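Heads up, the thing below is written out as structure tokens.
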Amino acid sequence: MNGATLSPRFTPHKVGLTTSAVGLVALLSMPFGGVARLRIVDAAPARLFEALGAPHAWLLLSLWVALLVTSLPGARSRTLALIRGLLAGAAIPVLLWLSGVAAVRSLAPLSPLARYSMGSGVWLAAFAAFALVMASRHEVGDGGFDALLVALLPLAGIAAVIATGGVVRLGIVVEYHNVSSDLLLWTGQHVAYSAIALTIAVAFGVALGIFAHRSPKAADAVFTTTSVFQTIPGLAMIGILAVPLGLLAEKVPAAHALGIGVLGWAPIVVALTLYALLAIVRNTYAGLNSVPGSIVEAARGMGLSGGQVLRKVELPLAAPIIFSGVRIAAQQTIGNATLGVFVAAGTLGRPIFGGVAQTATDLVLLGSITLVTLALLTDGLMRAAQRLVSPRRSKGAR
């Protein structure tokens with residue numbers, strides 16, 4: 001039997017094969033962890049067997065080999081997709097647990113000042129496992145019990161590992177305990193500044209989008225102005241705003257009393273608002289342009305005024321596209337809010353840039369993971385809200 005006859009039957013799962021191979025290569029060729037005798041000293045890398053010892057190392061590798069084996073046959077098998085998803089979902093908390101084991105093992109002969117950091121091999125393997133979880137969740141079908149099980153297993157496993165105290169010696173956990181109260185404050189500041197800026201940007205952005213749609217001659221000026229803000233680097237934007245905000249605080253006592261000035265909440269909120277405008281203006285304009293002219297004319301023929309047509313017809317029909325722009329702006333705002341650290345406004349820029357300044361890698365990771373989690377939660381909430389504002393098809397529609 002020749003290769004041409006066999007090839008149609010051999011249908012490996014490309015995502016599973018790739019991610020499992022990436023995980024194995026990362027674990028075998030990249031550092032599993034690193035040990036530093038002091039917090040601000042570069043960690044000495046440790047490979048998988050050195051950090052864990054043979055029994056635990058083989059246990060971890062066997063999990064990834066199982067992933068590889070289940071990715072060889074049946075690319076479209078729902079059962080195998082579920083198995084792959086569960087194995088990949090289990091791989092993430094297992095990586096966390098074994099990192100905690102490696103930390104205890106590596107730090108036992110050292111002083112309490114020593115730190116253990118998870119290595120690049122762990123992070124890359126965890127990312128590969130997460131990618132396979134997402135692929136498997138899609139294959140077993142959204143909304144079912146199997147999909148929910150695949151999605152929740154990594155979270156439940158991570159929660160269990162943390163609850164049992166298996167990660168207390170990890171450097172990132174030690175950093176969390178050191179800054180836990182401050183981290184809550186920084187996260188609150190990050191959310192507050194982002195929410196205020198996004199609210200202002202939505203108000204002005206939608207208004208500018210409507211204005212550009214109603215006045216085609218002014219559209220170029222609106223888009224040019226909002227696009228210019230995107231070209232200015234973050235620190236440069238903060239520097240540019242220092243002059244007008246400083247003058248405003250100096251000339252207007254009420255502004256100074258509100259905390260408006262070169263430092264504090266005002267520069268970061270204004271900067272975030274300016275950065276968020278383009279996506280909202282562009283999508284508002286595109287959403288209004290997408291409304292069929294026949295519907296607008298029919299509304300006018302029914303005696304509705306221009307304002308009523310806008311409120312009752314155009315904006316509701318354009319809402320999904322407008323909200324898509326708001327969601328994009330929200331993600332940009334969450335990321336850009338780290339600039340608050342440069343104007344003494346806190347935010348999650350404190351642990352990220354503070355960790356960089358102190359060469360404290362675990363502090364940087366703590367701030368970054370918190371920021372990514374916040375961005376994912378924001379995106380999830382925005383997607384749910386977008387579904388609410390999207391027109392629903394009738395039950396009889398097909």
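To be explicit about the labels: the chains of the structure tokens are called A, B, and onward in the order shown, and within each one the residues are counted from 1, while ligands get numbers from 1 in the order they are shown.
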**Request:** Based on DSSP run over this structure's backbone, return all residues of stretch 91-203 of chain A in strand (DSSP E), as a list of chain:residue names.
**Result:**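 Output for stretch 91-203 of chain A, strand (DSSP E) only: A:Arg115, A:Tyr116, A:Ser117, A:Met118.
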**Spatial neighbours of A:Ala131, max dist 12 Å, only C-alpha atoms, sep filter under 5 positions, as a VMD selection string** = chain A and resid 15 to 20 22 to 23 84 to 85 88 to 89 91 to 92 124 to 126 136 to 138 151
**Message:** Give me, as a PyMOL selection string, the residues of stretch 255-388 of chain A that a backbone DSSP run labels alpha helix (DSSP H).
**Reply:** chain A and resi 255-257+265-289+293-301+306-309+315-336+349-357+361-388
**Message:** One decimal, in Å: what's the spacing between atom CA of A:Ala344 and atom CA of A:Lys251?
**Reply:**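 Here the two named atoms are 22.0 Å from each other.
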